[in-house]
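The structure appears right after this line, and notes come after that.
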Amino acid sequence: MLNNDELQLILNKLISNWENEVVEFKEARNDFDKNDIGKYFSAISNESNLHNLQYGWLIFGVRDKDKKIVGTEYRPNSGLMKLKQEISMQTTGGLSFVEIYEVYPIVDGEEKRVILMQIPSAVTGIPTGWKDHYYGRNGESLSALSMNEFEQIRRQQNKDWSKQIVNGAGIQHLDKAAIDLARKNYKEKMKKSHIIEAVDEMNDEELLTKLKLLQDGKVTNAAMLLLGNEDYDYLFTTVLEASWRLYDSNGDVKDYEIFKIPYITLGDRILNKIRNLTYRYMTNPDSLFPSETKQYDSWLLRELLNNCIAHSNYALGTRIILDEEEDQVTFKNPGTFLPGDIETALGKNYNSPFYRNQLLAETMVKLK
């Protein structure tokens, strides 16, 4: 999380060097219509995509005409986190803010509250809509996204997110213990003695290059996700986390935990939270010894979680969620089902048009 000094530098930069289409300033002294926020979210997200930027900004507490910092009382007392969820319910693919920051600059000897809303770029090939309408910018004005711009986004080639480079990341930002585990798992997967010998002779950089996790010495998203050091997760452009929540019989959250990178150990960490009870049945009337079975099949739980990891749309910046109730567990991951529905996927001779995270999925197989 950025501190106040870092946020102050960002605010100053946006005020002095801003682009009309991807940054919007509003006074929002006390309140601002949520529907208008949604429209600006759609417009700035689409324009960021068209400008080849990773995100844009909607800023409250700064007067638009002269960029004077005036402060805002919009949603004080932790009301901003709820806004992220409210916006995601009406946007394409559940897209929401990367993050919402509060910064407190001193203006004329008085502390002012400014809100910085970081809006992600529209996902490759998918324009961002708000309530099924698509918005853009015409200079500083909010307008409908033009048909030309709509098609420009739609025609974009789907890129493998996991193969993209993490800006500013090097091998020093990866977790050594996670790399050692990857080395161990890879040797167990390969099993062949000559491969094991070759891997033992490789240093970490050579091994990760062989696995394609490093490309030209640069760290891929897949490498950072699977093997990254939690202290450096800020290098991602979106927040990548998983969470476990435990509900009681009334539907209230009894316990929860947030999990961060490295994801190579996520299965062990998050699945150990599940209360997988042992049931005993008297199946043989001639025996006093019951048969035992677990409430959930451990292999199936791990397979479900691994699919969530491999096929999430990480550009959306939302969590993988495992919800545990008394009689069921539910897995959720960000993004849409690529074929649209399960019937299509089960159809004869169905082939996926593309794989969302091909490098990540292939690496997960290699690392067991």
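Identifiers in the structure tokens: chain A, B, ... in order shown; residue index from 1 per chain; ligand index from 1 in order shown.
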query: Which residues, written as a list of chain:residue names, have at least one atom at most 12 Å from A:Ser143, with only C-alpha atoms counted and residues fewer than 5 positions away on the same chain left out?
result: A:Glu21, A:Asp36, A:Lys39, A:Tyr40, A:Ser42, A:Ala43, A:Ile44, A:Asn46, A:Glu47, A:His133, A:Tyr134, A:Tyr135, A:Gly136, A:Arg137, A:Asn138, A:Glu149
task: Would you return as a PyMOL selection string the members of stretch 5-235 of chain A that DSSP assigns to strand (DSSP E) on this structure's backbone?
output: chain A and resi 23-26+55-60+99-103+106-107+110-111+114-120+129-130+133-138+141-144+214-215+218-219
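Among the candidates A:Lys184, A:His194, A:Arg280, A:Lys34, the residue lying nearest to A:Gln90 is A:Lys34 (atoms considered: only C-alpha atoms).
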message: Set the distance at 10 Å and use only C-alpha atoms: which residues neighbour A:Asn357 once local chain neighbours fewer than 2 positions away are removed? I'd like the list as a ChimeraX atom specification.
response: /A:159-164,221-222,309-314,354-355,359-362
- request: Quick one: pick out all alpha helix (DSSP H) residues within stretch 108-210 of chain A from a backbone DSSP run and write them as number ranges by chain.
  value: A: 147-154, 176-190, 193-201, 204-210
Could you take the residues named above and write them with N, CA and C atoms, as a compact mmCIF listing (two decimals), in the first residue's frame?
# COMPACT_ATOMS: atom_id res chain seq x y z
N MET A 147 -18.37 4.11 -32.19
CA MET A 147 -18.35 2.78 -32.79
C MET A 147 -16.95 2.40 -33.25
N ASN A 148 -16.19 3.38 -33.75
CA ASN A 148 -14.83 3.12 -34.18
C ASN A 148 -13.95 2.67 -33.02
N GLU A 149 -14.08 3.37 -31.87
CA GLU A 149 -13.29 3.01 -30.70
C GLU A 149 -13.74 1.67 -30.12
N PHE A 150 -15.05 1.44 -30.14
CA PHE A 150 -15.58 0.17 -29.65
C PHE A 150 -14.98 -1.00 -30.43
N GLU A 151 -14.98 -0.87 -31.75
CA GLU A 151 -14.43 -1.93 -32.60
C GLU A 151 -12.92 -2.03 -32.48
N GLN A 152 -12.27 -0.90 -32.22
CA GLN A 152 -10.81 -0.91 -32.04
C GLN A 152 -10.43 -1.77 -30.83
N ILE A 153 -11.20 -1.66 -29.77
CA ILE A 153 -10.94 -2.49 -28.60
C ILE A 153 -11.32 -3.95 -28.88
N ARG A 154 -12.47 -4.15 -29.52
CA ARG A 154 -12.95 -5.51 -29.78
C ARG A 154 -12.01 -6.31 -30.68
N LYS A 176 13.05 -17.15 -2.53
CA LYS A 176 14.03 -18.23 -2.68
C LYS A 176 13.45 -19.59 -2.31
N ALA A 177 12.68 -19.65 -1.22
CA ALA A 177 12.09 -20.93 -0.81
C ALA A 177 11.11 -21.43 -1.86
N ALA A 178 10.37 -20.53 -2.49
CA ALA A 178 9.43 -20.92 -3.54
C ALA A 178 10.17 -21.45 -4.77
N ILE A 179 11.30 -20.82 -5.11
CA ILE A 179 12.10 -21.31 -6.23
C ILE A 179 12.64 -22.70 -5.94
N ASP A 180 13.11 -22.92 -4.70
CA ASP A 180 13.63 -24.24 -4.32
C ASP A 180 12.53 -25.30 -4.41
N LEU A 181 11.30 -24.94 -4.01
CA LEU A 181 10.19 -25.88 -4.12
C LEU A 181 9.86 -26.16 -5.58
N ALA A 182 9.94 -25.13 -6.43
CA ALA A 182 9.70 -25.32 -7.86
C ALA A 182 10.74 -26.27 -8.46
N ARG A 183 11.99 -26.10 -8.06
CA ARG A 183 13.07 -26.97 -8.53
C ARG A 183 12.78 -28.42 -8.12
N LYS A 184 12.41 -28.64 -6.86
CA LYS A 184 12.12 -29.98 -6.34
C LYS A 184 10.94 -30.61 -7.09
N ASN A 185 9.87 -29.85 -7.25
CA ASN A 185 8.68 -30.39 -7.92
C ASN A 185 8.94 -30.69 -9.39
N TYR A 186 9.73 -29.85 -10.03
CA TYR A 186 10.03 -30.07 -11.46
C TYR A 186 10.83 -31.36 -11.64
N LYS A 187 11.78 -31.61 -10.76
CA LYS A 187 12.56 -32.85 -10.86
C LYS A 187 11.67 -34.07 -10.60
N GLU A 188 10.76 -33.96 -9.65
CA GLU A 188 9.86 -35.08 -9.39
C GLU A 188 8.91 -35.32 -10.56
N LYS A 189 8.51 -34.25 -11.25
CA LYS A 189 7.63 -34.38 -12.40
C LYS A 189 8.36 -35.03 -13.58
N MET A 190 9.61 -34.62 -13.82
CA MET A 190 10.35 -35.13 -14.97
C MET A 190 10.80 -36.58 -14.76
N SER A 193 16.66 -39.29 -15.02
CA SER A 193 17.91 -39.00 -14.32
C SER A 193 18.73 -37.91 -15.02
N HIS A 194 18.78 -37.94 -16.36
CA HIS A 194 19.61 -36.95 -17.06
C HIS A 194 19.01 -35.55 -16.93
N ILE A 195 17.68 -35.44 -16.84
CA ILE A 195 17.06 -34.13 -16.65
C ILE A 195 17.32 -33.64 -15.23
N ILE A 196 17.21 -34.55 -14.26
CA ILE A 196 17.46 -34.19 -12.86
C ILE A 196 18.90 -33.70 -12.69
N GLU A 197 19.84 -34.37 -13.32
CA GLU A 197 21.24 -33.96 -13.23
C GLU A 197 21.45 -32.58 -13.85
N ALA A 198 20.80 -32.36 -14.99
CA ALA A 198 20.94 -31.06 -15.65
C ALA A 198 20.34 -29.94 -14.80
N VAL A 199 19.20 -30.21 -14.19
CA VAL A 199 18.55 -29.20 -13.34
C VAL A 199 19.41 -28.88 -12.12
N ASP A 200 20.06 -29.91 -11.56
CA ASP A 200 20.92 -29.69 -10.39
C ASP A 200 22.10 -28.79 -10.72
N GLU A 201 22.53 -28.80 -11.96
CA GLU A 201 23.66 -27.98 -12.37
C GLU A 201 23.27 -26.54 -12.71
N ASP A 204 19.45 -20.61 -10.31
CA ASP A 204 18.02 -20.26 -10.31
C ASP A 204 17.61 -19.55 -11.60
N GLU A 205 18.43 -18.64 -12.06
CA GLU A 205 18.08 -17.90 -13.27
C GLU A 205 18.00 -18.82 -14.48
N GLU A 206 18.93 -19.75 -14.59
CA GLU A 206 18.92 -20.69 -15.70
C GLU A 206 17.68 -21.59 -15.65
N LEU A 207 17.33 -22.05 -14.46
CA LEU A 207 16.15 -22.90 -14.32
C LEU A 207 14.87 -22.16 -14.71
N LEU A 208 14.72 -20.95 -14.21
CA LEU A 208 13.51 -20.19 -14.50
C LEU A 208 13.43 -19.79 -15.97
N THR A 209 14.59 -19.60 -16.59
CA THR A 209 14.61 -19.34 -18.03
C THR A 209 14.17 -20.58 -18.80
N LYS A 210 14.63 -21.75 -18.36
CA LYS A 210 14.22 -23.00 -19.00
C LYS A 210 12.71 -23.19 -18.91
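A straight line drawn from atom CA of A:Asp31 to atom CA of A:Arg319 is 28.6 Å long.
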Residues within 9 Å of A:Met117, only C-alpha atoms, excluding chain neighbours under 6 positions, as a PDB file with N, CA, C and O atoms, in the first residue's frame:
ATOM      1  N   GLY A  56      -6.208   4.553 -15.405  1.00  0.00           N
ATOM      2  CA  GLY A  56      -6.439   5.994 -15.366  1.00  0.00           C
ATOM      3  C   GLY A  56      -6.936   6.370 -13.979  1.00  0.00           C
ATOM      4  O   GLY A  56      -6.974   5.539 -13.069  1.00  0.00           O
ATOM      5  N   TRP A  57      -7.368   7.639 -13.809  1.00  0.00           N
ATOM      6  CA  TRP A  57      -7.708   8.128 -12.472  1.00  0.00           C
ATOM      7  C   TRP A  57      -8.974   8.971 -12.482  1.00  0.00           C
ATOM      8  O   TRP A  57      -9.182   9.795 -13.384  1.00  0.00           O
ATOM      9  N   LEU A  58      -9.793   8.766 -11.449  1.00  0.00           N
ATOM     10  CA  LEU A  58     -10.892   9.667 -11.125  1.00  0.00           C
ATOM     11  C   LEU A  58     -10.573  10.240  -9.746  1.00  0.00           C
ATOM     12  O   LEU A  58     -10.383   9.483  -8.790  1.00  0.00           O
ATOM     13  N   ILE A  59     -10.504  11.567  -9.656  1.00  0.00           N
ATOM     14  CA  ILE A  59      -9.991  12.208  -8.444  1.00  0.00           C
ATOM     15  C   ILE A  59     -11.037  13.154  -7.873  1.00  0.00           C
ATOM     16  O   ILE A  59     -11.557  14.023  -8.580  1.00  0.00           O
ATOM     17  N   PHE A  60     -11.355  12.958  -6.607  1.00  0.00           N
ATOM     18  CA  PHE A  60     -12.290  13.831  -5.889  1.00  0.00           C
ATOM     19  C   PHE A  60     -11.507  14.738  -4.946  1.00  0.00           C
ATOM     20  O   PHE A  60     -10.544  14.301  -4.311  1.00  0.00           O
ATOM     21  N   PHE A  97     -12.337  -0.859  -9.255  1.00  0.00           N
ATOM     22  CA  PHE A  97     -11.142  -0.057  -9.075  1.00  0.00           C
ATOM     23  C   PHE A  97      -9.949  -0.935  -8.700  1.00  0.00           C
ATOM     24  O   PHE A  97     -10.091  -1.886  -7.929  1.00  0.00           O
ATOM     25  N   VAL A  98      -8.791  -0.607  -9.243  1.00  0.00           N
ATOM     26  CA  VAL A  98      -7.563  -1.259  -8.798  1.00  0.00           C
ATOM     27  C   VAL A  98      -7.387  -0.986  -7.311  1.00  0.00           C
ATOM     28  O   VAL A  98      -7.142  -1.889  -6.515  1.00  0.00           O
ATOM     29  N   GLU A  99      -7.540   0.288  -6.949  1.00  0.00           N
ATOM     30  CA  GLU A  99      -7.467   0.686  -5.541  1.00  0.00           C
ATOM     31  C   GLU A  99      -8.074   2.069  -5.406  1.00  0.00           C
ATOM     32  O   GLU A  99      -8.154   2.832  -6.372  1.00  0.00           O
ATOM     33  N   ILE A 100      -8.550   2.378  -4.203  1.00  0.00           N
ATOM     34  CA  ILE A 100      -9.035   3.717  -3.887  1.00  0.00           C
ATOM     35  C   ILE A 100      -8.180   4.245  -2.733  1.00  0.00           C
ATOM     36  O   ILE A 100      -8.127   3.630  -1.666  1.00  0.00           O
ATOM     37  N   TYR A 101      -7.511   5.360  -2.980  1.00  0.00           N
ATOM     38  CA  TYR A 101      -6.588   5.917  -1.992  1.00  0.00           C
ATOM     39  C   TYR A 101      -7.133   7.227  -1.424  1.00  0.00           C
ATOM     40  O   TYR A 101      -7.831   7.978  -2.116  1.00  0.00           O
ATOM     41  N   GLU A 102      -6.772   7.497  -0.191  1.00  0.00           N
ATOM     42  CA  GLU A 102      -7.017   8.799   0.425  1.00  0.00           C
ATOM     43  C   GLU A 102      -5.664   9.446   0.713  1.00  0.00           C
ATOM     44  O   GLU A 102      -4.785   8.820   1.298  1.00  0.00           O
TER      45      GLU A 102
END
statement: Shortest contact to A:Lys368, candidates A:Arg63, A:Lys218, A:His51, A:Lys191, atoms counted only C-alpha atoms, goes to A:Lys191
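Atom CA of A:Leu95 lies 5.4 Å from atom CA of A:Leu316.
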message: Between A:Leu305, A:Ala345, A:Leu211, A:Leu50, which residue has the minimum interatomic distance to A:Thr124, considering only C-alpha atoms?
response: A:Leu50
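Counting only C-alpha atoms and comparing A:Glu325, A:Gly168, A:Thr128, A:Gly93, the residue that lies closest to A:Ser249 is A:Glu325.
Atom CA of A:Glu326 lies 11.8 Å from atom CA of A:Arg245.
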field: Surrounding residues of A:Thr278 excluding itself and chain neighbours under 4 positions, 10 Å, only C-alpha atoms, as a list in words
entry: Glu292, Thr293, Lys294, Gln295 and Tyr296 of chain A
